Amino acid sequence: SIHWIMKRNSVKVCVRTRPTQYFAQDNIYIDEEHSTIQINTGALGSDGPGLLNNKQSNFKFKFDHVFHNTSQAAVYDLHARDTVQSVVDGINGAIMTYGQIGSGKTFIMMVDAHTEESPLEPSINYLTTSILELNLISK
């Protein structure tokens, strides 16, 4: 149906938090179930005697999906697989990453630390199989 095609091909914004030993759990609340991240900057109180600080101290962000302590395979299965399928179907697709320098964007695209496999491997295998099938069909 056209609804499924439009939904499958829309822009999705997903967040994968970087696991860290010193996670700021007192300032950042990650709600995977509702795909939200809430940040408390701790800017409470006043700026001095007789002055009121009315700066916003809590921020809540909503995403299509929030991944926290999630494997490469889960990220691929939930979101990247649809993009790869779109490419096979002849529709342009892109997966973009953004993050701090040295946060592991390139590294995680090359090797999953837990399985020592590339997260690109399922995509490459699927594309190769699809191309071979298309060649057999067209002959």
# chains A, B, ... in the order shown; residues from 1 in each chain; ligands from 1
call {"tool": "residues_around", "arguments": {"residues": "Ile28 (chain A)", "least_positions_apart": "5", "cutoff": "10 Å", "atoms": "only C-alpha atoms", "output": "PyMOL selection string"}}
result
chain A and resi 23+37-41+58-60
call {"tool": "write_last_selection", "arguments": {"atoms": "N, CA and C atoms", "output": "PDB file, in the first residue's frame"}}
result
ATOM      1  N   PHE A  23      28.185   7.272  33.136  1.00  0.00           N
ATOM      2  CA  PHE A  23      26.976   7.819  32.540  1.00  0.00           C
ATOM      3  C   PHE A  23      26.334   8.816  33.505  1.00  0.00           C
ATOM      4  N   ILE A  37      14.434  11.378  25.397  1.00  0.00           N
ATOM      5  CA  ILE A  37      15.592  11.654  26.247  1.00  0.00           C
ATOM      6  C   ILE A  37      15.309  12.968  26.950  1.00  0.00           C
ATOM      7  N   GLN A  38      15.434  12.940  28.264  1.00  0.00           N
ATOM      8  CA  GLN A  38      15.215  14.138  29.056  1.00  0.00           C
ATOM      9  C   GLN A  38      16.538  14.538  29.706  1.00  0.00           C
ATOM     10  N   ILE A  39      16.854  15.825  29.621  1.00  0.00           N
ATOM     11  CA  ILE A  39      18.109  16.334  30.160  1.00  0.00           C
ATOM     12  C   ILE A  39      17.797  17.400  31.195  1.00  0.00           C
ATOM     13  N   ASN A  40      18.401  17.252  32.378  1.00  0.00           N
ATOM     14  CA  ASN A  40      18.286  18.237  33.442  1.00  0.00           C
ATOM     15  C   ASN A  40      19.650  18.898  33.577  1.00  0.00           C
ATOM     16  N   THR A  41      19.727  20.172  33.231  1.00  0.00           N
ATOM     17  CA  THR A  41      21.007  20.869  33.270  1.00  0.00           C
ATOM     18  C   THR A  41      21.412  21.275  34.678  1.00  0.00           C
ATOM     19  N   ASN A  58      15.173  21.954  32.232  1.00  0.00           N
ATOM     20  CA  ASN A  58      14.811  20.611  31.782  1.00  0.00           C
ATOM     21  C   ASN A  58      14.437  20.653  30.308  1.00  0.00           C
ATOM     22  N   PHE A  59      14.976  19.698  29.572  1.00  0.00           N
ATOM     23  CA  PHE A  59      14.697  19.596  28.142  1.00  0.00           C
ATOM     24  C   PHE A  59      14.289  18.163  27.839  1.00  0.00           C
ATOM     25  N   LYS A  60      13.261  17.998  27.028  1.00  0.00           N
ATOM     26  CA  LYS A  60      12.803  16.655  26.659  1.00  0.00           C
ATOM     27  C   LYS A  60      12.744  16.579  25.136  1.00  0.00           C
TER      28      LYS A  60
END
call {"tool": "atom_distance", "arguments": {"atom1": "CA of Gly102 (chain A)", "atom2": "CA of Arg81 (chain A)"}}
result
25.9 Å
call {"tool": "residues_around", "arguments": {"residues": "Gly42 (chain A)", "least_positions_apart": "6", "cutoff": "12 Å", "atoms": "only C-alpha atoms", "output": "PDB file with N, CA and C atoms, in the first residue's frame"}}
result
ATOM      1  N   ALA A  24      25.888   9.930  33.002  1.00  0.00           N
ATOM      2  CA  ALA A  24      25.306  10.997  33.821  1.00  0.00           C
ATOM      3  C   ALA A  24      23.841  10.719  34.128  1.00  0.00           C
ATOM      4  N   ASP A  26      22.115  11.069  36.673  1.00  0.00           N
ATOM      5  CA  ASP A  26      21.417  12.078  37.470  1.00  0.00           C
ATOM      6  C   ASP A  26      20.945  13.247  36.608  1.00  0.00           C
ATOM      7  N   ASN A  27      21.525  13.428  35.431  1.00  0.00           N
ATOM      8  CA  ASN A  27      21.174  14.545  34.561  1.00  0.00           C
ATOM      9  C   ASN A  27      20.480  14.133  33.268  1.00  0.00           C
ATOM     10  N   ILE A  28      20.633  12.870  32.880  1.00  0.00           N
ATOM     11  CA  ILE A  28      20.057  12.412  31.609  1.00  0.00           C
ATOM     12  C   ILE A  28      19.181  11.195  31.875  1.00  0.00           C
ATOM     13  N   ASN A  53      16.365  33.177  38.664  1.00  0.00           N
ATOM     14  CA  ASN A  53      16.856  32.483  37.477  1.00  0.00           C
ATOM     15  C   ASN A  53      15.670  31.773  36.849  1.00  0.00           C
ATOM     16  N   LYS A  55      15.776  30.535  33.716  1.00  0.00           N
ATOM     17  CA  LYS A  55      16.271  29.783  32.568  1.00  0.00           C
ATOM     18  C   LYS A  55      15.692  28.379  32.610  1.00  0.00           C
ATOM     19  N   GLN A  56      15.437  27.838  31.462  1.00  0.00           N
ATOM     20  CA  GLN A  56      14.921  26.472  31.381  1.00  0.00           C
ATOM     21  C   GLN A  56      16.009  25.507  31.832  1.00  0.00           C
ATOM     22  N   SER A  57      15.656  24.579  32.702  1.00  0.00           N
ATOM     23  CA  SER A  57      16.652  23.630  33.205  1.00  0.00           C
ATOM     24  C   SER A  57      16.354  22.189  32.789  1.00  0.00           C
ATOM     25  N   ASN A  58      15.173  21.954  32.232  1.00  0.00           N
ATOM     26  CA  ASN A  58      14.811  20.611  31.782  1.00  0.00           C
ATOM     27  C   ASN A  58      14.437  20.653  30.308  1.00  0.00           C
ATOM     28  N   PHE A  59      14.976  19.698  29.572  1.00  0.00           N
ATOM     29  CA  PHE A  59      14.697  19.596  28.142  1.00  0.00           C
ATOM     30  C   PHE A  59      14.289  18.163  27.839  1.00  0.00           C
TER      31      PHE A  59
END
call {"tool": "atom_distance", "arguments": {"atom1": "CA of Tyr76 (chain A)", "atom2": "CA of Pro122 (chain A)"}}
result
8.4 Å
call {"tool": "decode", "arguments": {"residues": "region 81-93 of chain A", "atoms": "all heavy atoms", "output": "tab-separated table (two decimals), in the first residue's frame"}}
result
chain	number	residue	atom	x	y	z
A	81	ARG	N	17.84	-1.98	7.91
A	81	ARG	CA	17.35	-2.99	6.97
A	81	ARG	C	16.35	-2.39	5.97
A	81	ARG	O	16.40	-2.68	4.78
A	81	ARG	CB	16.70	-4.15	7.73
A	81	ARG	CG	16.22	-5.25	6.82
A	81	ARG	CD	15.53	-6.38	7.59
A	81	ARG	NE	16.32	-6.92	8.68
A	81	ARG	CZ	17.21	-7.90	8.54
A	81	ARG	NH1	17.42	-8.43	7.35
A	81	ARG	NH2	17.87	-8.35	9.58
A	82	ASP	N	15.44	-1.52	6.43
A	82	ASP	CA	14.47	-0.90	5.52
A	82	ASP	C	15.15	-0.03	4.47
A	82	ASP	O	14.73	0.01	3.31
A	82	ASP	CB	13.46	-0.04	6.30
A	82	ASP	CG	12.42	-0.88	7.03
A	82	ASP	OD1	12.29	-2.09	6.73
A	82	ASP	OD2	11.73	-0.31	7.90
A	83	THR	N	16.20	0.67	4.87
A	83	THR	CA	16.93	1.51	3.92
A	83	THR	C	17.62	0.66	2.87
A	83	THR	O	17.58	0.97	1.68
A	83	THR	CB	17.95	2.40	4.66
A	83	THR	OG1	17.26	3.18	5.63
A	83	THR	CG2	18.68	3.32	3.70
A	84	VAL	N	18.23	-0.43	3.31
A	84	VAL	CA	18.89	-1.35	2.37
A	84	VAL	C	17.85	-1.93	1.41
A	84	VAL	O	18.09	-2.01	0.20
A	84	VAL	CB	19.64	-2.46	3.13
A	84	VAL	CG1	20.18	-3.51	2.17
A	84	VAL	CG2	20.77	-1.86	3.97
A	85	GLN	N	16.69	-2.31	1.91
A	85	GLN	CA	15.63	-2.85	1.05
A	85	GLN	C	15.18	-1.81	0.03
A	85	GLN	O	14.92	-2.13	-1.13
A	85	GLN	CB	14.44	-3.33	1.89
A	85	GLN	CG	13.31	-3.93	1.06
A	85	GLN	CD	13.75	-5.14	0.26
A	85	GLN	OE1	14.33	-6.07	0.82
A	85	GLN	NE2	13.51	-5.14	-1.04
A	86	SER	N	15.08	-0.55	0.47
A	86	SER	CA	14.71	0.52	-0.46
A	86	SER	C	15.71	0.64	-1.60
A	86	SER	O	15.34	0.84	-2.75
A	86	SER	CB	14.61	1.86	0.28
A	86	SER	OG	13.55	1.83	1.19
A	87	VAL	N	16.98	0.51	-1.28
A	87	VAL	CA	18.02	0.57	-2.32
A	87	VAL	C	17.84	-0.57	-3.31
A	87	VAL	O	17.92	-0.39	-4.53
A	87	VAL	CB	19.43	0.57	-1.68
A	87	VAL	CG1	20.52	0.39	-2.74
A	87	VAL	CG2	19.65	1.85	-0.89
A	88	VAL	N	17.57	-1.76	-2.79
A	88	VAL	CA	17.33	-2.92	-3.66
A	88	VAL	C	16.11	-2.67	-4.54
A	88	VAL	O	16.08	-3.05	-5.71
A	88	VAL	CB	17.14	-4.21	-2.81
A	88	VAL	CG1	16.64	-5.36	-3.66
A	88	VAL	CG2	18.44	-4.57	-2.12
A	89	ASP	N	15.10	-1.98	-3.99
A	89	ASP	CA	13.88	-1.68	-4.74
A	89	ASP	C	14.06	-0.51	-5.71
A	89	ASP	O	13.13	-0.13	-6.41
A	89	ASP	CB	12.73	-1.35	-3.78
A	89	ASP	CG	12.32	-2.54	-2.93
A	89	ASP	OD1	12.63	-3.69	-3.30
A	89	ASP	OD2	11.68	-2.31	-1.88
A	90	GLY	N	15.26	0.08	-5.74
A	90	GLY	CA	15.53	1.17	-6.68
A	90	GLY	C	15.28	2.55	-6.12
A	90	GLY	O	15.23	3.52	-6.88
A	91	ILE	N	15.12	2.66	-4.83
A	91	ILE	CA	14.88	3.96	-4.20
A	91	ILE	C	16.15	4.36	-3.45
A	91	ILE	O	16.73	3.55	-2.72
A	91	ILE	CB	13.69	3.88	-3.22
A	91	ILE	CG1	12.43	3.46	-3.97
A	91	ILE	CG2	13.48	5.21	-2.50
A	91	ILE	CD1	11.28	3.08	-3.08
A	92	ASN	N	16.58	5.60	-3.65
A	92	ASN	CA	17.78	6.06	-2.96
A	92	ASN	C	17.60	5.98	-1.45
A	92	ASN	O	16.50	6.20	-0.94
A	92	ASN	CB	18.12	7.50	-3.34
A	92	ASN	CG	18.55	7.62	-4.79
A	92	ASN	OD1	19.03	6.66	-5.38
A	92	ASN	ND2	18.41	8.81	-5.34
A	93	GLY	N	18.69	5.69	-0.76
A	93	GLY	CA	18.63	5.63	0.70
A	93	GLY	C	19.95	6.09	1.29
A	93	GLY	O	20.99	6.00	0.65
